[in-house]
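Okay, target_36.cif now, which holds mmCIF, C-alpha atoms:
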data_run
#
loop_
_atom_site.label_atom_id
_atom_site.label_comp_id
_atom_site.auth_asym_id
_atom_site.auth_seq_id
_atom_site.Cartn_x
_atom_site.Cartn_y
_atom_site.Cartn_z
CA MET T 1 232.86 -5.57 109.37
CA LYS T 2 235.18 -4.90 112.26
CA LYS T 3 236.19 -1.31 112.67
CA GLN T 4 239.64 -0.42 111.41
CA THR T 5 242.18 0.56 114.02
CA ILE T 6 244.32 3.48 112.93
CA LEU T 7 247.68 4.51 114.31
CA ILE T 8 249.10 7.93 113.51
CA ILE T 9 252.90 7.77 113.60
CA VAL T 10 254.55 11.13 114.31
CA PRO T 11 258.33 11.02 113.99
CA ALA T 12 259.81 13.99 115.85
CA PHE T 13 263.37 15.23 116.25
CA ASN T 14 263.78 18.46 118.24
CA GLU T 15 260.22 19.64 117.55
CA SER T 16 259.41 21.08 120.96
CA GLY T 17 257.72 24.16 119.46
CA ASN T 18 255.54 22.15 117.10
CA ILE T 19 254.70 18.77 118.55
CA GLY T 20 251.88 19.86 120.88
CA ARG T 21 250.04 21.67 118.11
CA VAL T 22 250.49 18.78 115.67
CA ILE T 23 248.90 16.35 118.13
CA GLU T 24 246.09 18.79 118.82
CA GLU T 25 245.37 19.06 115.10
CA ILE T 26 245.34 15.30 114.67
CA SER T 27 243.04 14.92 117.66
CA ALA T 28 240.65 17.46 116.13
CA SER T 29 240.00 15.20 113.16
CA PRO T 30 236.77 13.20 113.41
CA LEU T 31 238.51 9.84 112.84
CA PRO T 32 239.03 7.58 115.85
CA VAL T 33 242.81 7.30 115.91
CA ASP T 34 245.61 6.44 118.28
CA ILE T 35 248.62 8.74 118.13
CA LEU T 36 252.19 7.60 118.63
CA VAL T 37 255.01 10.11 118.81
CA VAL T 38 258.40 8.59 118.05
CA ASN T 39 260.88 10.89 119.71
CA ASP T 40 264.07 10.33 117.74
CA GLY T 41 266.64 11.12 120.42
CA SER T 42 265.65 14.80 120.68
CA ARG T 43 267.79 17.04 122.86
CA ASP T 44 264.91 19.39 123.69
CA ASP T 45 261.55 18.94 125.43
CA THR T 46 259.84 17.08 122.58
CA ALA T 47 259.21 13.97 124.70
CA LYS T 48 257.93 15.94 127.67
CA GLU T 49 255.61 18.06 125.55
CA ALA T 50 254.27 15.01 123.75
CA SER T 51 253.66 13.05 126.95
CA GLN T 52 251.45 15.86 128.27
CA THR T 53 249.00 15.13 125.44
CA ARG T 54 246.89 12.06 124.77
CA ALA T 55 249.55 10.65 122.45
CA GLY T 56 251.69 7.65 123.31
CA VAL T 57 255.41 8.40 123.28
CA ILE T 58 258.28 6.16 122.29
CA SER T 59 261.70 7.66 122.95
CA LEU T 60 264.64 6.25 121.05
CA PRO T 61 267.86 6.27 123.09
CA PHE T 62 269.76 8.09 120.34
CA ASN T 63 269.04 9.68 116.98
CA LEU T 64 268.37 7.06 114.32
CA GLY T 65 267.21 9.45 111.60
CA ILE T 66 263.71 9.74 110.17
CA GLY T 67 263.81 6.27 108.60
CA GLY T 68 264.65 4.51 111.85
CA ALA T 69 262.04 6.53 113.73
CA VAL T 70 259.22 5.78 111.29
CA GLN T 71 260.24 2.13 111.24
CA THR T 72 259.91 2.03 115.04
CA GLY T 73 256.34 3.23 114.53
CA PHE T 74 255.68 0.39 112.07
CA GLN T 75 257.10 -2.12 114.52
CA PHE T 76 254.81 -0.78 117.24
CA ALA T 77 251.83 -0.90 114.86
CA ARG T 78 252.64 -4.49 113.90
CA LYS T 79 253.09 -5.60 117.49
CA HIS T 80 249.78 -4.07 118.53
CA GLY T 81 247.86 -5.25 115.49
CA TYR T 82 246.85 -1.95 113.91
CA ASP T 83 245.11 -2.18 110.53
CA VAL T 84 246.34 1.14 109.19
CA ALA T 85 249.28 3.43 109.95
CA VAL T 86 249.52 7.06 108.87
CA GLN T 87 252.79 8.97 108.93
CA VAL T 88 252.44 12.64 109.86
CA ASP T 89 255.69 14.54 110.34
CA GLY T 90 256.20 16.23 113.70
CA ASP T 91 256.99 19.63 112.21
CA GLY T 92 253.37 20.50 111.45
CA GLN T 93 253.85 20.67 107.70
CA HIS T 94 251.23 18.07 106.92
CA ASP T 95 247.64 19.26 106.92
CA THR T 96 245.82 16.66 109.00
CA GLN T 97 242.44 17.32 107.37
CA PHE T 98 243.69 15.17 104.50
CA ILE T 99 244.20 12.02 106.59
CA GLY T 100 240.74 10.82 105.54
CA ASP T 101 241.69 11.28 101.86
CA LEU T 102 244.84 9.22 102.37
CA LEU T 103 242.84 6.41 103.94
CA ALA T 104 240.19 6.17 101.20
CA PRO T 105 242.24 4.17 98.64
CA LEU T 106 243.35 1.76 101.40
CA LYS T 107 239.75 1.18 102.48
CA ALA T 108 238.69 0.60 98.88
CA ASP T 109 241.56 -1.92 98.63
CA ARG T 110 243.01 -0.08 95.65
CA ALA T 111 246.40 0.53 97.24
CA ASP T 112 248.70 -0.68 100.04
CA VAL T 113 250.51 2.63 100.42
CA THR T 114 249.14 6.10 99.71
CA ILE T 115 251.31 9.19 99.35
CA GLY T 116 250.02 12.68 99.92
CA SER T 117 251.17 14.69 96.91
CA ARG T 118 251.48 18.46 96.74
CA PHE T 119 251.66 18.43 92.97
CA LEU T 120 248.85 16.15 91.92
CA ALA T 121 245.78 17.69 90.29
CA PRO T 122 243.52 19.16 91.56
CA PHE T 123 246.39 21.42 92.53
CA LEU T 124 245.79 22.69 96.04
CA GLY T 125 248.63 25.17 96.08
CA TYR T 126 252.17 24.82 97.35
CA ARG T 127 255.07 27.22 97.16
CA SER T 128 258.62 26.02 97.51
CA THR T 129 262.17 27.16 96.91
CA LEU T 130 263.55 26.73 93.39
CA ILE T 131 266.27 24.27 94.39
CA ARG T 132 263.78 22.07 96.20
CA LYS T 133 261.44 22.14 93.21
CA ILE T 134 264.33 21.04 90.97
CA GLY T 135 265.12 18.21 93.37
CA ILE T 136 261.54 17.01 93.55
CA THR T 137 261.10 17.20 89.78
CA PHE T 138 264.32 15.23 89.32
CA PHE T 139 263.30 12.42 91.65
CA SER T 140 259.79 12.39 90.31
CA GLY T 141 261.21 11.87 86.81
CA LEU T 142 263.76 9.27 87.93
CA ILE T 143 261.34 7.17 89.96
CA SER T 144 258.55 7.47 87.44
CA PHE T 145 260.96 6.30 84.73
CA LEU T 146 262.40 3.41 86.73
CA MET T 147 259.07 2.23 88.11
CA ARG T 148 257.03 2.93 84.97
CA CYS T 149 254.39 4.68 87.04
CA LYS T 150 253.69 8.31 87.76
CA ILE T 151 254.93 9.60 91.11
CA THR T 152 254.64 13.38 91.40
CA ASP T 153 255.85 13.95 94.96
CA PRO T 154 258.45 11.33 95.92
CA THR T 155 259.83 13.25 98.92
CA SER T 156 256.49 13.62 100.65
CA GLY T 157 256.44 11.94 104.05
CA PHE T 158 252.68 12.27 104.42
CA ARG T 159 251.69 8.65 103.84
CA ALA T 160 249.27 5.94 104.85
CA TYR T 161 250.01 2.22 104.99
CA ASN T 162 247.78 -0.84 105.28
CA LYS T 163 248.54 -4.00 107.26
CA LYS T 164 250.55 -5.60 104.46
CA ALA T 165 252.72 -2.51 104.10
CA ILE T 166 253.19 -2.19 107.88
CA GLU T 167 254.34 -5.81 108.02
CA ILE T 168 256.93 -5.25 105.29
CA PHE T 169 258.22 -1.87 106.43
CA ALA T 170 258.47 -2.99 110.07
CA ARG T 171 261.05 -5.47 108.85
CA TYR T 172 262.75 -3.36 106.22
CA TYR T 173 262.65 0.40 105.81
CA PRO T 174 265.45 2.54 104.33
CA HIS T 175 267.30 4.85 106.72
CA ASP T 176 268.89 8.31 106.19
CA PHE T 177 266.58 10.00 103.62
CA PRO T 178 264.05 7.25 103.18
CA GLU T 179 261.03 8.69 101.37
CA PRO T 180 262.00 8.27 97.70
CA GLU T 181 263.74 4.96 98.33
CA ALA T 182 260.75 3.59 100.23
CA ILE T 183 258.65 3.89 97.06
CA LEU T 184 261.05 1.57 95.27
CA VAL T 185 261.12 -0.85 98.18
CA ALA T 186 257.33 -0.88 98.16
CA LYS T 187 257.19 -1.59 94.44
CA ARG T 188 259.92 -4.21 94.64
CA LEU T 189 258.11 -6.10 97.37
CA GLY T 190 254.82 -6.02 95.52
CA LEU T 191 252.95 -3.20 97.27
CA LYS T 192 250.53 -1.01 95.33
CA VAL T 193 251.31 2.70 95.64
CA GLU T 194 248.85 5.48 94.92
CA GLU T 195 249.10 9.26 95.23
CA VAL T 196 246.41 11.46 96.73
CA PRO T 197 246.32 15.26 96.34
CA VAL T 198 246.98 17.06 99.64
CA GLN T 199 247.96 20.46 100.88
CA MET T 200 251.00 21.18 103.00
CA LYS T 201 251.79 24.13 105.19
CA LYS T 202 254.93 26.14 105.74
CA ARG T 203 257.05 24.99 108.66
CA GLN T 204 256.01 26.74 111.84
CA ALA T 205 259.21 26.43 113.86
CA GLY T 206 262.59 24.77 113.54
CA GLN T 207 264.30 23.68 110.37
CA SER T 208 263.70 21.01 107.80
CA SER T 209 266.10 18.09 107.93
CA ILE T 210 267.05 18.98 104.35
CA ARG T 211 268.84 22.33 104.19
CA TYR T 212 270.29 24.19 101.23
CA PHE T 213 273.85 22.93 101.39
CA LYS T 214 272.67 19.43 102.00
CA THR T 215 270.33 19.41 99.02
CA LEU T 216 273.00 18.44 96.52
CA TYR T 217 274.37 15.73 98.79
CA TYR T 218 270.83 14.54 99.31
CA MET T 219 270.18 14.30 95.58
CA VAL T 220 273.39 12.43 94.81
CA LYS T 221 272.99 10.05 97.72
CA VAL T 222 269.37 9.23 97.06
CA THR T 223 270.04 8.76 93.34
CA PHE T 224 272.72 6.19 94.12
CA ALA T 225 270.51 4.55 96.72
CA ILE T 226 267.69 4.29 94.19
CA LEU T 227 269.93 2.89 91.47
CA LEU T 228 271.44 0.33 93.86
CA ASP T 229 267.96 -0.54 95.04
CA MET T 230 267.11 -1.54 91.47
CA LEU T 231 269.73 -4.31 91.70
CA LYS T 232 268.24 -5.89 94.79
CA LYS T 233 266.14 -9.02 94.78
CA LYS T 234 262.61 -8.72 93.44
CA LYS T 235 260.77 -10.32 96.32
CA GLY T 236 261.36 -11.67 99.83
CA MET T 237 263.76 -10.16 102.30
CA GLU T 238 266.78 -11.88 103.70
CA ARG T 239 266.66 -9.89 106.91
CA MET E 1 322.65 -10.93 109.87
CA THR E 2 321.92 -7.51 108.40
CA GLY E 3 320.31 -4.73 110.45
CA VAL E 4 317.22 -4.65 108.24
CA LYS E 5 316.68 -8.35 108.68
CA ALA E 6 317.01 -8.05 112.47
CA ILE E 7 314.49 -5.21 112.59
CA ALA E 8 312.04 -7.13 110.37
CA ILE E 9 312.26 -10.26 112.52
CA TRP E 10 312.00 -8.26 115.73
CA LEU E 11 308.96 -6.33 114.52
CA SER E 12 307.02 -9.31 113.18
CA VAL E 13 307.76 -11.43 116.25
CA SER E 14 306.64 -8.64 118.60
CA ILE E 15 303.38 -8.19 116.71
CA PHE E 16 302.78 -11.93 116.93
CA ILE E 17 303.49 -11.99 120.68
CA PHE E 18 301.41 -8.85 121.25
CA VAL E 19 298.38 -10.39 119.52
CA VAL E 20 298.75 -13.64 121.46
CA GLU E 21 298.95 -11.61 124.66
CA LEU E 22 295.78 -9.67 123.73
CA VAL E 23 293.91 -12.94 123.21
CA ARG E 24 295.24 -14.27 126.50
CA ARG E 25 293.97 -11.17 128.31
CA GLU E 26 290.64 -11.46 126.45
CA LYS E 27 291.01 -8.05 124.82
CA LEU E 28 290.77 -9.67 121.41
CA SER E 29 288.63 -12.65 120.46
CA PHE E 30 290.17 -15.52 118.54
CA LYS E 31 287.93 -14.71 115.56
CA TYR E 32 289.60 -11.33 115.02
CA ALA E 33 293.08 -12.40 116.17
CA MET E 34 293.27 -15.09 113.48
CA GLY E 35 293.97 -12.67 110.63
CA TRP E 36 296.67 -10.85 112.57
CA LEU E 37 298.37 -14.07 113.64
CA LEU E 38 298.35 -15.28 110.05
CA ALA E 39 299.77 -12.00 108.74
CA SER E 40 302.51 -11.76 111.36
CA SER E 41 303.55 -15.40 110.88
CA THR E 42 303.86 -14.74 107.14
CA ALA E 43 305.99 -11.69 107.98
CA ILE E 44 308.19 -13.80 110.26
CA VAL E 45 308.72 -16.41 107.53
CA PHE E 46 309.57 -13.67 105.00
CA ALA E 47 311.94 -11.96 107.44
CA VAL E 48 313.82 -15.15 108.32
CA PHE E 49 314.01 -16.57 104.78
CA ASP E 50 314.53 -13.26 102.99
CA ARG E 51 315.25 -14.95 99.68
CA LEU E 52 311.58 -16.10 99.58
CA PRO E 53 310.04 -12.63 98.98
CA ALA E 54 312.77 -11.87 96.44
CA PHE E 55 312.03 -15.10 94.60
CA LEU E 56 308.27 -14.52 94.71
CA SER E 57 308.57 -10.95 93.44
CA SER E 58 310.74 -11.88 90.44
CA PHE E 59 308.46 -14.86 89.75
CA LEU E 60 305.42 -12.54 89.66
CA GLY E 61 307.32 -10.02 87.50
CA PHE E 62 307.91 -7.17 89.96
CA GLU E 63 310.87 -4.90 89.22
CA LEU E 64 312.00 -4.83 92.87
CA PRO E 65 311.20 -7.01 95.91
CA SER E 66 310.26 -3.81 97.81
CA ASN E 67 307.58 -3.07 95.21
CA PHE E 68 306.18 -6.53 95.76
CA ILE E 69 306.11 -6.04 99.53
CA PHE E 70 304.48 -2.60 99.33
CA PHE E 71 301.93 -3.87 96.87
CA SER E 72 301.02 -6.86 99.06
CA LEU E 73 300.66 -4.67 102.12
CA LEU E 74 298.45 -2.23 100.24
CA VAL E 75 296.17 -5.00 99.02
CA MET E 76 295.98 -6.41 102.52
CA PHE E 77 294.98 -3.06 104.02
CA ILE E 78 292.38 -2.38 101.35
CA PHE E 79 290.66 -5.65 102.12
CA LEU E 80 291.07 -5.14 105.83
CA SER E 81 289.34 -1.74 105.71
CA LEU E 82 286.59 -3.11 103.48
CA PHE E 83 285.91 -5.91 105.95
CA LEU E 84 286.00 -3.45 108.84
CA THR E 85 283.39 -1.31 107.06
CA ILE E 86 281.16 -4.35 106.60
CA PHE E 87 281.61 -5.19 110.25
CA LEU E 88 280.85 -1.61 111.30
CA CYS E 89 277.72 -1.56 109.17
CA ARG E 90 276.50 -4.79 110.73
CA GLN E 91 277.14 -3.43 114.21
CA GLU E 92 275.23 -0.26 113.38
CA SER E 93 272.18 -2.08 112.08
CA ARG E 94 272.21 -4.35 115.13
CA ASN E 95 272.47 -1.27 117.33
CA ASN E 96 269.46 0.25 115.62
CA VAL E 97 267.39 -2.88 116.04
CA ILE E 98 268.25 -2.97 119.74
CA ALA E 99 267.41 0.74 120.16
CA GLN E 100 264.02 0.28 118.46
CA LYS E 101 263.16 -2.84 120.46
CA MET E 102 264.23 -1.19 123.70
CA ALA E 103 262.21 1.98 123.03
CA ILE E 104 259.04 0.01 122.25
CA LEU E 105 259.50 -2.15 125.36
CA GLU E 106 260.06 0.93 127.49
CA ASN E 107 256.80 2.38 126.22
CA GLU E 108 254.96 -0.86 126.98
CA VAL E 109 256.42 -1.09 130.48
CA GLU E 110 255.29 2.47 131.20
CA GLN E 111 251.77 1.67 129.96
CA LEU E 112 251.69 -1.46 132.09
CA LYS E 113 252.82 0.45 135.17
CA LYS E 114 250.09 3.03 134.62
CA THR E 115 247.31 0.45 134.29
CA LEU E 116 248.55 -1.49 137.32
CA LEU E 117 248.67 1.66 139.44
CA LYS E 118 245.18 2.58 138.31
CA GLU E 119 243.85 -0.90 139.17
CA ALA E 120 245.48 -0.73 142.58
CA LYS E 121 243.89 2.65 143.21
CA ASP E 122 240.48 1.43 142.09
CA LYS E 123 240.66 -1.44 144.58
CA GLU E 124 241.29 0.96 147.43
#

Let's see the structure in the file written out as structure tokens.
Amino acid sequence: MKKQTILIIVPAFNESGNIGRVIEEISASPLPVDILVVNDGSRDDTAKEASQTRAGVISLPFNLGIGGAVQTGFQFARKHGYDVAVQVDGDGQHDTQFIGDLLAPLKADRADVTIGSRFLAPFLGYRSTLIRKIGITFFSGLISFLMRCKITDPTSGFRAYNKKAIEIFARYYPHDFPEPEAILVAKRLGLKVEEVPVQMKKRQAGQSSIRYFKTLYYMVKVTFAILLDMLKKKKGMER
Amino acid sequence: MTGVKAIAIWLSVSIFIFVVELVRREKLSFKYAMGWLLASSTAIVFAVFDRLPAFLSSFLGFELPSNFIFFSLLVMFIFLSLFLTIFLCRQESRNNVIAQKMAILENEVEQLKKTLLKEAKDKE
């Protein structure tokens, strides 16, 4: 069998303190991977720092948000014929040792998308703020109820995608706060989703895109987006 | 002719002329001028034959002709802003697509440049 080509997509917005280390960590993994940093219109030295490493860099002319940045990665992966894409956020939160675990269900053809979950047994330990825990529990419940399947960590951006998923998400991927909504899109368009237990680290520098005051707005907005998503067509995209 | 009537005619005619002028100077495309031309011609007709809006408003059961006019304007602006939002949304998604395409192409051009330079150096 032909060897699988793997692209690691690293969306990064103002991550100049983190990006070098993230790429180093990914490079340290034994898997043969190509790394693509999608610089989402950063105003700091993210692009410069990334281009000094072995990673490829795509710089968007202005900030599209995480959804638009990740989608750019999918479009690149599709254009260059990669078999698998893995999303690793540029803030260094995702522990890259688990990339192999994310890939296993794709290789075994059990799933089209795998999500690294902090809360799936065996529990590998994760501490979070109360409000964030409430938010995650809420979305987990909502999506699990709507999709009739168990999703424990819907906001996790640590994900792997096979060719079928890349093809679909290159064409259509939700913007703004895309992670929970993307699960619904995946299900709606007939992709199999599976969770894999992973560990995540505390942020090393900078701030999460979801801050305290924004959490409520985030929850309301994503809830509406998810409910509206339920009304969309089952299969086939018009765009 | 009453003062109100004169003002109404003057205003609607100037909007009409202004829009035509914008199209002539290519500041506005015909597609978007259409709605404005239609609206201002309706206003001109209403201003000249002022018994028409009064008749329409009593026919539709409005207490006063002014209520009818305010209501119609409100409805018009609600739809206008809704259509503008749709238009804005379409522009934004087109913008995003262009940005993504451009960024990927830029990356590929850089890669191409690098390999070409390397080949040229190897030949030397």

Worksheet item: Counting all atoms listed in the file, which of T:His175, T:Pro197, T:Phe138, T:Ile168 gets nearest to Val220 in chain T?
Response: T:Phe138

Report as a compact mmCIF listing (two decimals) with C-alpha atoms, in the coordinates of the input the residues that result from applying the PyMOL selection byres ((chain E and resi 13-29) around 9) to the structure here.
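Result file part_34.txt:
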# COMPACT_ATOMS: atom_id res chain seq x y z
CA ALA E 8 312.04 -7.13 110.37
CA ILE E 9 312.26 -10.26 112.52
CA TRP E 10 312.00 -8.26 115.73
CA LEU E 11 308.96 -6.33 114.52
CA SER E 12 307.02 -9.31 113.18
CA PHE E 30 290.17 -15.52 118.54
CA LYS E 31 287.93 -14.71 115.56
CA TYR E 32 289.60 -11.33 115.02
CA ALA E 33 293.08 -12.40 116.17
CA MET E 34 293.27 -15.09 113.48
CA TRP E 36 296.67 -10.85 112.57
CA LEU E 37 298.37 -14.07 113.64
CA LEU E 38 298.35 -15.28 110.05
CA ALA E 39 299.77 -12.00 108.74
CA SER E 40 302.51 -11.76 111.36
CA SER E 41 303.55 -15.40 110.88
CA ALA E 43 305.99 -11.69 107.98
CA ILE E 44 308.19 -13.80 110.26

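Of the listed residues T:Leu228, T:Thr215, T:Asp45, T:Ser29, the one whose atoms come nearest to Ile131 in chain T is T:Thr215, with distances taken using all atoms listed in the file.
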
Residues matched by the PyMOL selection byres ((chain T) within 6 of (chain E)), written as a PDB file with C-alpha atoms, keeping the file's coordinate frame:
ATOM      1  CA  ILE T  58     258.280   6.160 122.290  1.00  0.00           C
ATOM      2  CA  SER T  59     261.700   7.660 122.950  1.00  0.00           C
ATOM      3  CA  LEU T  60     264.640   6.250 121.050  1.00  0.00           C
ATOM      4  CA  THR T  72     259.910   2.030 115.040  1.00  0.00           C
TER       5      THR T  72
END

Worksheet entry | Contacts of range 49-58 of chain E at 12 Å (all atoms listed in the file; same-chain gap of 3+ positions) as a PyMOL selection string | chain E and resi 1-2+4-6+8-9+42-46+61-72

Worksheet item: Do you know which residues the PyMOL selection byres ((chain T and resi 75-87) around 8) returns on this file, as a VMD selection string?
Response: (chain T and resid 4 to 11 70 to 74 88 to 89 99 157 to 163 166 to 167 170 to 171) or (chain E and resid 104)

Would you fill the gaps in range 42-51 of chain E so it has all heavy atoms, then print it as a PDB file, in the frame of the given file?
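Dumped everything to selection.pdb:
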ATOM      1  N   THR E  42     303.334 -14.884 108.503  1.00  0.00           N
ATOM      2  CA  THR E  42     303.860 -14.740 107.140  1.00  0.00           C
ATOM      3  C   THR E  42     305.061 -13.782 107.160  1.00  0.00           C
ATOM      4  O   THR E  42     306.092 -14.038 106.518  1.00  0.00           O
ATOM      5  CB  THR E  42     302.785 -14.177 106.193  1.00  0.00           C
ATOM      6  OG1 THR E  42     301.577 -14.879 106.410  1.00  0.00           O
ATOM      7  CG2 THR E  42     303.205 -14.307 104.753  1.00  0.00           C
ATOM      8  N   ALA E  43     304.905 -12.670 107.903  1.00  0.00           N
ATOM      9  CA  ALA E  43     305.990 -11.690 107.980  1.00  0.00           C
ATOM     10  C   ALA E  43     307.242 -12.310 108.605  1.00  0.00           C
ATOM     11  O   ALA E  43     308.366 -12.058 108.149  1.00  0.00           O
ATOM     12  CB  ALA E  43     305.536 -10.480 108.803  1.00  0.00           C
ATOM     13  N   ILE E  44     307.041 -13.146 109.621  1.00  0.00           N
ATOM     14  CA  ILE E  44     308.190 -13.800 110.260  1.00  0.00           C
ATOM     15  C   ILE E  44     308.915 -14.705 109.257  1.00  0.00           C
ATOM     16  O   ILE E  44     310.140 -14.656 109.118  1.00  0.00           O
ATOM     17  CB  ILE E  44     307.742 -14.620 111.498  1.00  0.00           C
ATOM     18  CG1 ILE E  44     307.236 -13.685 112.611  1.00  0.00           C
ATOM     19  CG2 ILE E  44     308.905 -15.468 112.042  1.00  0.00           C
ATOM     20  CD1 ILE E  44     306.559 -14.393 113.759  1.00  0.00           C
ATOM     21  N   VAL E  45     308.122 -15.499 108.529  1.00  0.00           N
ATOM     22  CA  VAL E  45     308.720 -16.410 107.530  1.00  0.00           C
ATOM     23  C   VAL E  45     309.505 -15.614 106.498  1.00  0.00           C
ATOM     24  O   VAL E  45     310.652 -15.932 106.169  1.00  0.00           O
ATOM     25  CB  VAL E  45     307.614 -17.260 106.849  1.00  0.00           C
ATOM     26  CG1 VAL E  45     308.194 -18.044 105.680  1.00  0.00           C
ATOM     27  CG2 VAL E  45     306.986 -18.203 107.864  1.00  0.00           C
ATOM     28  N   PHE E  46     308.905 -14.517 106.010  1.00  0.00           N
ATOM     29  CA  PHE E  46     309.570 -13.670 105.000  1.00  0.00           C
ATOM     30  C   PHE E  46     310.837 -13.033 105.552  1.00  0.00           C
ATOM     31  O   PHE E  46     311.834 -12.876 104.840  1.00  0.00           O
ATOM     32  CB  PHE E  46     308.614 -12.569 104.513  1.00  0.00           C
ATOM     33  CG  PHE E  46     307.707 -13.022 103.394  1.00  0.00           C
ATOM     34  CD1 PHE E  46     307.542 -14.378 103.111  1.00  0.00           C
ATOM     35  CD2 PHE E  46     307.023 -12.092 102.620  1.00  0.00           C
ATOM     36  CE1 PHE E  46     306.720 -14.802 102.097  1.00  0.00           C
ATOM     37  CE2 PHE E  46     306.196 -12.515 101.579  1.00  0.00           C
ATOM     38  CZ  PHE E  46     306.040 -13.861 101.328  1.00  0.00           C
ATOM     39  N   ALA E  47     310.786 -12.640 106.846  1.00  0.00           N
ATOM     40  CA  ALA E  47     311.940 -11.960 107.440  1.00  0.00           C
ATOM     41  C   ALA E  47     313.104 -12.930 107.650  1.00  0.00           C
ATOM     42  O   ALA E  47     314.264 -12.588 107.423  1.00  0.00           O
ATOM     43  CB  ALA E  47     311.534 -11.317 108.766  1.00  0.00           C
ATOM     44  N   VAL E  48     312.764 -14.161 108.067  1.00  0.00           N
ATOM     45  CA  VAL E  48     313.820 -15.150 108.320  1.00  0.00           C
ATOM     46  C   VAL E  48     314.404 -15.649 107.007  1.00  0.00           C
ATOM     47  O   VAL E  48     315.626 -15.617 106.800  1.00  0.00           O
ATOM     48  CB  VAL E  48     313.267 -16.335 109.160  1.00  0.00           C
ATOM     49  CG1 VAL E  48     314.327 -17.423 109.302  1.00  0.00           C
ATOM     50  CG2 VAL E  48     312.832 -15.826 110.530  1.00  0.00           C
ATOM     51  N   PHE E  49     313.520 -16.087 106.090  1.00  0.00           N
ATOM     52  CA  PHE E  49     314.010 -16.570 104.780  1.00  0.00           C
ATOM     53  C   PHE E  49     313.837 -15.443 103.779  1.00  0.00           C
ATOM     54  O   PHE E  49     312.885 -15.441 102.999  1.00  0.00           O
ATOM     55  CB  PHE E  49     313.222 -17.814 104.363  1.00  0.00           C
ATOM     56  CG  PHE E  49     313.231 -18.897 105.399  1.00  0.00           C
ATOM     57  CD1 PHE E  49     312.136 -19.119 106.215  1.00  0.00           C
ATOM     58  CD2 PHE E  49     314.380 -19.696 105.561  1.00  0.00           C
ATOM     59  CE1 PHE E  49     312.154 -20.109 107.168  1.00  0.00           C
ATOM     60  CE2 PHE E  49     314.395 -20.694 106.516  1.00  0.00           C
ATOM     61  CZ  PHE E  49     313.288 -20.898 107.333  1.00  0.00           C
ATOM     62  N   ASP E  50     314.753 -14.470 103.792  1.00  0.00           N
ATOM     63  CA  ASP E  50     314.530 -13.260 102.990  1.00  0.00           C
ATOM     64  C   ASP E  50     314.712 -13.500 101.488  1.00  0.00           C
ATOM     65  O   ASP E  50     314.417 -12.628 100.686  1.00  0.00           O
ATOM     66  CB  ASP E  50     315.390 -12.086 103.480  1.00  0.00           C
ATOM     67  CG  ASP E  50     316.833 -12.498 103.650  1.00  0.00           C
ATOM     68  OD1 ASP E  50     317.175 -13.613 103.186  1.00  0.00           O
ATOM     69  OD2 ASP E  50     317.597 -11.725 104.243  1.00  0.00           O
ATOM     70  N   ARG E  51     315.170 -14.692 101.116  1.00  0.00           N
ATOM     71  CA  ARG E  51     315.250 -14.950  99.680  1.00  0.00           C
ATOM     72  C   ARG E  51     313.878 -15.333  99.110  1.00  0.00           C
ATOM     73  O   ARG E  51     313.660 -15.268  97.914  1.00  0.00           O
ATOM     74  CB  ARG E  51     316.289 -16.030  99.383  1.00  0.00           C
ATOM     75  CG  ARG E  51     317.550 -15.381  98.772  1.00  0.00           C
ATOM     76  CD  ARG E  51     318.616 -16.394  98.480  1.00  0.00           C
ATOM     77  NE  ARG E  51     319.131 -16.940  99.737  1.00  0.00           N
ATOM     78  CZ  ARG E  51     319.925 -18.007  99.786  1.00  0.00           C
ATOM     79  NH1 ARG E  51     320.266 -18.639  98.679  1.00  0.00           N
ATOM     80  NH2 ARG E  51     320.391 -18.432 100.927  1.00  0.00           N
TER      81      ARG E  51
END
